[in-house]
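Shown here: model_25.txt, compact mmCIF, C-alpha atoms.
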# COMPACT_ATOMS: atom_id res chain seq x y z
CA MET B 1293 27.77 38.67 -19.10
CA ILE B 1294 30.84 40.76 -18.27
CA ILE B 1295 30.93 44.05 -16.37
CA ILE B 1296 34.19 46.01 -16.30
CA ASP B 1297 33.97 48.84 -13.79
CA ASN B 1298 36.57 51.62 -13.46
CA LEU B 1299 39.44 49.29 -14.34
CA HIS B 1300 42.99 50.51 -13.78
CA ALA B 1301 46.04 48.46 -14.74
CA SER B 1302 49.78 48.98 -14.99
CA VAL B 1303 52.71 47.29 -16.70
CA ASP B 1304 56.14 47.63 -15.04
CA GLY B 1305 54.70 50.38 -12.88
CA LYS B 1306 53.41 52.39 -15.85
CA PRO B 1307 49.65 53.05 -15.83
CA ILE B 1308 48.01 51.80 -19.05
CA LEU B 1309 44.31 51.46 -18.23
CA ASN B 1310 42.90 54.52 -16.48
CA GLY B 1311 39.33 53.92 -15.40
CA LEU B 1312 37.96 51.78 -18.21
CA SER B 1313 34.31 50.78 -17.87
CA LEU B 1314 32.44 48.48 -20.24
CA THR B 1315 29.46 46.11 -20.07
CA ILE B 1316 28.94 43.36 -22.65
CA ASN B 1317 25.73 41.37 -22.57
CA ALA B 1318 25.23 37.84 -23.85
CA GLY B 1319 24.62 37.77 -27.58
CA GLU B 1320 26.42 41.05 -28.24
CA VAL B 1321 29.50 41.81 -30.34
CA HIS B 1322 31.51 44.84 -29.23
CA ALA B 1323 34.49 46.34 -31.04
CA ILE B 1324 37.20 48.42 -29.41
CA MET B 1325 39.26 50.68 -31.65
CA GLY B 1326 42.06 53.04 -30.75
CA PRO B 1327 45.54 54.26 -31.60
CA ASN B 1328 48.75 52.44 -30.73
CA GLY B 1329 49.43 52.53 -27.01
CA ALA B 1330 45.81 53.18 -26.05
CA GLY B 1331 45.61 50.01 -23.93
CA LYS B 1332 43.70 47.68 -26.26
CA SER B 1333 45.98 44.67 -25.89
CA THR B 1334 46.49 45.41 -22.20
CA LEU B 1335 42.74 45.07 -21.70
CA SER B 1336 42.73 41.67 -23.41
CA TYR B 1337 45.67 40.43 -21.33
CA VAL B 1338 44.13 41.64 -18.07
CA LEU B 1339 40.90 39.81 -18.87
CA ALA B 1340 42.83 36.61 -19.65
CA GLY B 1341 45.01 36.92 -16.54
CA ARG B 1342 48.41 37.26 -18.21
CA ALA B 1343 51.32 37.65 -15.79
CA GLY B 1344 52.97 41.08 -15.59
CA TYR B 1345 49.74 43.04 -15.92
CA GLU B 1346 48.92 44.49 -12.51
CA VAL B 1347 45.35 45.54 -11.76
CA THR B 1348 45.53 48.58 -9.49
CA GLY B 1349 41.85 49.42 -9.24
CA GLY B 1350 38.34 48.59 -10.34
CA SER B 1351 36.57 45.27 -10.85
CA VAL B 1352 35.60 42.75 -13.51
CA THR B 1353 32.54 40.56 -13.01
CA PHE B 1354 32.06 37.64 -15.40
CA LEU B 1355 28.87 35.58 -15.18
CA GLY B 1356 28.42 36.81 -11.64
CA GLN B 1357 31.96 35.87 -10.55
CA ASP B 1358 34.98 37.99 -9.68
CA LEU B 1359 37.09 37.38 -12.76
CA LEU B 1360 40.18 39.05 -11.31
CA ALA B 1361 40.24 36.56 -8.41
CA MET B 1362 40.49 33.62 -10.80
CA ALA B 1363 43.67 32.02 -12.13
CA PRO B 1364 44.14 32.06 -15.93
CA HIS B 1365 43.17 28.39 -16.33
CA GLU B 1366 40.06 28.98 -14.21
CA ARG B 1367 39.06 31.88 -16.45
CA ALA B 1368 39.47 29.67 -19.50
CA ALA B 1369 37.35 26.93 -17.93
CA ALA B 1370 34.71 29.51 -17.03
CA GLY B 1371 34.49 30.42 -20.71
CA VAL B 1372 37.02 33.19 -21.48
CA PHE B 1373 38.93 32.76 -24.76
CA LEU B 1374 41.76 35.04 -25.86
CA GLY B 1375 42.72 35.22 -29.52
CA LEU B 1376 46.24 36.61 -29.75
CA GLN B 1377 47.45 39.23 -32.21
CA TYR B 1378 50.53 37.08 -32.80
CA PRO B 1379 49.66 33.40 -32.13
CA VAL B 1380 52.65 31.59 -30.65
CA GLU B 1381 54.40 28.53 -32.04
CA ILE B 1382 54.78 25.44 -29.85
CA PRO B 1383 57.38 23.13 -31.43
CA GLY B 1384 56.93 19.43 -30.71
CA VAL B 1385 53.26 19.69 -29.67
CA SER B 1386 50.71 18.85 -32.33
CA ASN B 1387 47.62 20.97 -32.81
CA LEU B 1388 45.46 17.94 -32.09
CA MET B 1389 47.24 17.12 -28.83
CA PHE B 1390 47.22 20.74 -27.71
CA LEU B 1391 43.55 21.27 -28.45
CA ARG B 1392 42.32 17.99 -26.99
CA THR B 1393 44.33 18.60 -23.81
CA ALA B 1394 42.89 22.12 -23.51
CA LEU B 1395 39.33 20.94 -24.12
CA ASN B 1396 39.49 18.11 -21.59
CA ALA B 1397 41.26 20.25 -18.98
CA GLN B 1398 38.45 22.77 -19.19
CA ARG B 1399 35.79 20.08 -19.05
CA HIS B 1400 37.49 18.53 -16.03
CA LEU B 1401 37.48 21.84 -14.13
CA ARG B 1402 33.78 22.26 -14.92
CA GLY B 1403 33.03 18.75 -13.67
CA GLU B 1404 32.08 17.52 -17.15
CA ALA B 1405 33.00 14.27 -18.84
CA GLU B 1406 36.12 14.42 -21.01
CA ALA B 1407 35.77 14.15 -24.77
CA SER B 1408 36.53 10.72 -26.17
CA GLY B 1409 39.01 10.42 -29.02
CA ALA B 1410 36.20 9.91 -31.53
CA GLU B 1411 34.16 12.86 -30.22
CA PHE B 1412 37.17 15.15 -30.28
CA MET B 1413 38.23 14.16 -33.79
CA LYS B 1414 34.71 14.84 -35.07
CA LEU B 1415 34.74 18.31 -33.52
CA ALA B 1416 38.23 19.14 -34.78
CA LYS B 1417 37.59 17.92 -38.33
CA ALA B 1418 34.34 19.86 -38.63
CA ALA B 1419 35.92 23.06 -37.33
CA ALA B 1420 38.99 22.78 -39.57
CA GLU B 1421 36.88 22.07 -42.64
CA ALA B 1422 34.59 25.03 -41.97
CA LEU B 1423 37.58 27.36 -41.73
CA GLY B 1424 39.41 26.02 -44.76
CA LEU B 1425 42.33 24.65 -42.73
CA PRO B 1426 43.58 21.34 -44.20
CA PHE B 1427 43.18 18.69 -41.51
CA GLU B 1428 46.76 17.51 -42.13
CA MET B 1429 47.88 20.81 -40.62
CA MET B 1430 46.15 19.85 -37.38
CA LYS B 1431 48.71 17.06 -37.03
CA ARG B 1432 51.63 19.48 -37.22
CA SER B 1433 53.18 21.36 -34.31
CA VAL B 1434 51.09 24.28 -33.11
CA ASN B 1435 51.45 27.12 -35.64
CA GLN B 1436 54.94 26.01 -36.68
CA GLY B 1437 55.53 26.87 -40.33
CA PHE B 1438 52.04 28.37 -40.63
CA SER B 1439 51.44 31.58 -42.55
CA GLY B 1440 49.82 34.49 -40.75
CA GLY B 1441 46.43 33.59 -42.19
CA GLU B 1442 46.81 29.92 -41.28
CA LYS B 1443 47.67 30.85 -37.70
CA LYS B 1444 44.50 32.92 -37.43
CA ARG B 1445 42.39 30.17 -38.98
CA ASN B 1446 43.92 27.72 -36.53
CA GLU B 1447 42.96 30.04 -33.69
CA MET B 1448 39.38 30.12 -34.95
CA VAL B 1449 39.41 26.30 -35.03
CA GLN B 1450 40.44 26.38 -31.37
CA MET B 1451 37.60 28.77 -30.56
CA ALA B 1452 35.06 26.61 -32.39
CA VAL B 1453 36.11 23.48 -30.49
CA LEU B 1454 36.35 25.13 -27.06
CA GLU B 1455 33.05 27.07 -27.47
CA PRO B 1456 33.82 29.92 -25.04
CA LYS B 1457 31.22 32.15 -23.44
CA LEU B 1458 33.34 35.27 -24.03
CA ALA B 1459 35.70 35.53 -27.00
CA VAL B 1460 38.27 38.33 -26.76
CA LEU B 1461 39.92 38.65 -30.17
CA ASP B 1462 42.97 40.90 -30.19
CA GLU B 1463 43.57 42.21 -33.72
CA THR B 1464 42.42 39.01 -35.39
CA ASP B 1465 42.63 40.83 -38.74
CA SER B 1466 46.35 41.54 -38.34
CA GLY B 1467 48.38 40.13 -41.23
CA LEU B 1468 45.42 38.73 -43.14
CA ASP B 1469 44.91 39.12 -46.87
CA ILE B 1470 41.38 39.73 -48.09
CA ASP B 1471 40.56 36.06 -48.67
CA ALA B 1472 41.82 34.98 -45.25
CA LEU B 1473 39.96 37.89 -43.66
CA ARG B 1474 36.70 36.69 -45.18
CA VAL B 1475 37.23 33.13 -43.97
CA VAL B 1476 38.18 34.18 -40.44
CA SER B 1477 35.30 36.66 -40.29
CA ASP B 1478 32.90 33.93 -41.36
CA GLY B 1479 34.23 31.79 -38.52
CA ILE B 1480 33.58 34.58 -36.03
CA ASN B 1481 30.08 35.15 -37.39
CA ARG B 1482 29.20 31.47 -37.14
CA MET B 1483 30.16 31.59 -33.46
CA ARG B 1484 27.68 34.40 -32.77
CA SER B 1485 25.08 33.12 -30.35
CA PRO B 1486 22.55 34.43 -27.82
CA ASP B 1487 24.68 32.69 -25.18
CA ARG B 1488 28.05 34.09 -26.26
CA ALA B 1489 29.63 37.54 -26.23
CA THR B 1490 32.49 38.74 -28.43
CA LEU B 1491 34.96 41.57 -27.94
CA LEU B 1492 36.84 42.53 -31.11
CA ILE B 1493 39.97 44.63 -30.71
CA THR B 1494 41.14 46.20 -33.94
CA HIS B 1495 42.93 49.18 -35.49
CA TYR B 1496 40.96 49.19 -38.71
CA GLN B 1497 37.39 49.27 -39.88
CA ARG B 1498 37.86 46.57 -42.54
CA LEU B 1499 37.19 43.67 -40.13
CA LEU B 1500 33.93 45.34 -39.16
CA ASP B 1501 32.77 45.23 -42.78
CA TYR B 1502 32.49 41.46 -42.33
CA VAL B 1503 31.74 41.15 -38.60
CA VAL B 1504 29.24 43.91 -37.93
CA PRO B 1505 29.35 44.84 -34.23
CA ASP B 1506 26.47 45.93 -32.07
CA PHE B 1507 28.64 48.61 -30.46
CA VAL B 1508 31.93 50.32 -31.28
CA HIS B 1509 34.05 51.91 -28.54
CA VAL B 1510 36.97 54.29 -28.93
CA LEU B 1511 39.80 53.71 -26.46
CA VAL B 1512 42.24 56.55 -25.91
CA ALA B 1513 44.85 56.73 -23.12
CA GLY B 1514 43.34 53.81 -21.26
CA ARG B 1515 39.75 55.03 -21.20
CA ILE B 1516 36.73 54.64 -23.45
CA VAL B 1517 36.04 58.14 -24.69
CA ARG B 1518 33.23 57.47 -27.14
CA THR B 1519 30.68 54.75 -27.93
CA GLY B 1520 28.43 54.30 -30.94
CA GLY B 1521 27.17 51.88 -33.53
CA PRO B 1522 28.95 50.45 -36.59
CA GLU B 1523 28.91 53.89 -38.21
CA LEU B 1524 31.45 55.09 -35.62
CA ALA B 1525 34.08 52.77 -37.13
CA GLN B 1526 33.50 54.35 -40.53
CA GLU B 1527 33.85 57.82 -39.01
CA LEU B 1528 37.18 56.80 -37.48
CA GLU B 1529 38.36 55.42 -40.80
CA ARG B 1530 37.69 58.80 -42.38
CA GLY B 1531 38.93 61.11 -39.65
CA GLY B 1532 41.23 59.08 -37.41
CA TYR B 1533 41.65 59.47 -33.65
CA VAL B 1534 43.16 62.97 -33.59
CA SER B 1535 39.93 64.68 -32.57
CA MET B 1536 39.19 62.26 -29.74
CA ALA B 1537 41.00 63.31 -26.61
CA ALA B 1538 40.85 61.31 -23.39
Encoding of this model in structure tokens:
Amino acid sequence: MIIIDNLHASVDGKPILNGLSLTINAGEVHAIMGPNGAGKSTLSYVLAGRAGYEVTGGSVTFLGQDLLAMAPHERAAAGVFLGLQYPVEIPGVSNLMFLRTALNAQRHLRGEAEASGAEFMKLAKAAAEALGLPFEMMKRSVNQGFSGGEKKRNEMVQMAVLEPKLAVLDETDSGLDIDALRVVSDGINRMRSPDRATLLITHYQRLLDYVVPDFVHVLVAGRIVRTGGPELAQELERGGYVSMAA
């Protein structure tokens, strides 16, 4: 589904990714773990097309297309979803308006019919209910006044409605208590599909107790230095990253 080959990227002229290569097939869940400053969030922003992140080498192929040649909104329409570590607040824009606009913009770019009001409301209500987010909160401004757990649940509602092909989730477990972690993890697990790939970016193994990945990768100094199964996350939890040099 996505092939990242020898990717190099810089921020403000400082190299962050230094030859990262990774292939994720449809139906797979991959987890990337690493210390602060390793380049985990940079990778997610590069894939989403965030401004200020300069790709200086390598390639990214997504569903046979050159992802790096696409604008951010084109990547979203093609099926790339980025879950942020710190979801932003958008005062004055309701969750429902934001999400329906995003859904129909993506459908329009794909040449699909837009969702009617009734169709959209059915999708939004089902997703909110499944994730334990009171539907009244969907009428409020995006993430405004939400707790950390509510913001992450809201993000999972967005993912469920948009149905991306590739979900890149940057530290989705950040700031979650154990109950919220279980709910959000359940939302991620319900999105697992033979037609969808997921990339989990996390510091800690606890998320991977609930969302068991097919592969775990260790990112150090902008490169993947080790790959294994779920047991690798447990090894990191015990011994840390000290022994893993780039």
Checklist entry - Leaving out Asn1387 in chain B and any residue of its chain fewer than 2 positions from it, which residues lie within 7 Å of it when counting only C-alpha atoms, given as number ranges by chain? => result B: 1385, 1389-1391, 1430-1434
Checklist entry - Which value, in Å to one decimal, gives the distance between CA of Gly1349 in chain B and CA of Ala1318 in chain B? => result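 CA of Ala1318 in chain B lies at a distance of 25.0 Å from CA of Gly1349 in chain B.
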Checklist entry - Out of B:Leu1376, B:Ala1416, B:Val1321, B:Ala1370, which residue has the shortest atom-to-atom distance to Tyr1337 in chain B when counting only C-alpha atoms? => result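 Closest to Tyr1337 in chain B of all the choices is B:Leu1376.
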Checklist entry - Counting all atoms listed in the file, what is within 6 Å of range 1447-1455 of chain B, bar same-chain residues fewer than 4 positions away, as a PyMOL selection string? => result chain B and resi 1395+1419-1420
Next on the checklist: Need the shell around range 1503-1506 of chain B: protein/DNA/RNA residues with any atom at most 6 Å away, counting all atoms listed in the file. Skip same-chain ones fewer than 2 positions apart. Format as a VMD selection string?
Outcome noted: chain B and resid 1321 to 1322 1477 1500 to 1501
Item to check | Straight-line distance linking CA of Val1512 in chain B with CA of Pro1379 in chain B, stated in Å to one decimal | outcome: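 Those two atoms sit 25.1 Å apart.
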Checklist entry - Is there a way to get, as a PyMOL selection string, all residues within 12 Å of the point (36.5, 40.2, -15.9) in file coordinates, counting all atoms listed in the file? => result chain B and resi 1293-1299+1312-1316+1335-1341+1347+1350-1364+1366-1368+1370-1373+1458+1460
Checklist entry - Which of these residues is nearest to Tyr1533 in chain B, using all atoms listed in the file: B:Ala1330, B:Met1483, B:Ala1301, B:Ile1382? => result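 Comparing B:Ala1330, B:Met1483, B:Ala1301, B:Ile1382 against Tyr1533 in chain B, the winner is B:Ala1330.
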Checklist entry - Skipping near chain neighbours, those fewer than 6 positions away, what residues fall within 12 Å of Ile1470 in chain B using all atoms listed in the file, listed as a count of residues only? => result 7
Next on the checklist: Given all atoms listed in the file as the basis, pick out the residue of B:Ala1407, B:Leu1511, B:Leu1401, B:Leu1524 nearest to Asn1328 in chain B.
Outcome noted: B:Leu1511
Item to check | Distance of CA of Leu1374 in chain B from CA of Glu1463 in chain B, expressed in Å to one decimal place | outcome: 10.8 Å
Next on the checklist: Let me make sure I understand: among B:Glu1404, B:Gly1326, B:Ser1386, B:Ala1369, which one has the smallest atom-to-atom distance to Glu1428 in chain B if we use only C-alpha atoms?
Outcome noted: B:Ser1386
Using only C-alpha atoms, which protein or nucleic acid residues come within 6 Å of Asn1310 in chain B? Drop anything in the same chain fewer than 4 positions from it, and give the result as a PDB file with C-alpha atoms, in the frame of the given file.
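Final file, out.pdb:
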ATOM      1  CA  HIS B1300      42.990  50.510 -13.780  1.00  0.00           C
ATOM      2  CA  GLY B1514      43.340  53.810 -21.260  1.00  0.00           C
ATOM      3  CA  ARG B1515      39.750  55.030 -21.200  1.00  0.00           C
TER       4      ARG B1515
END
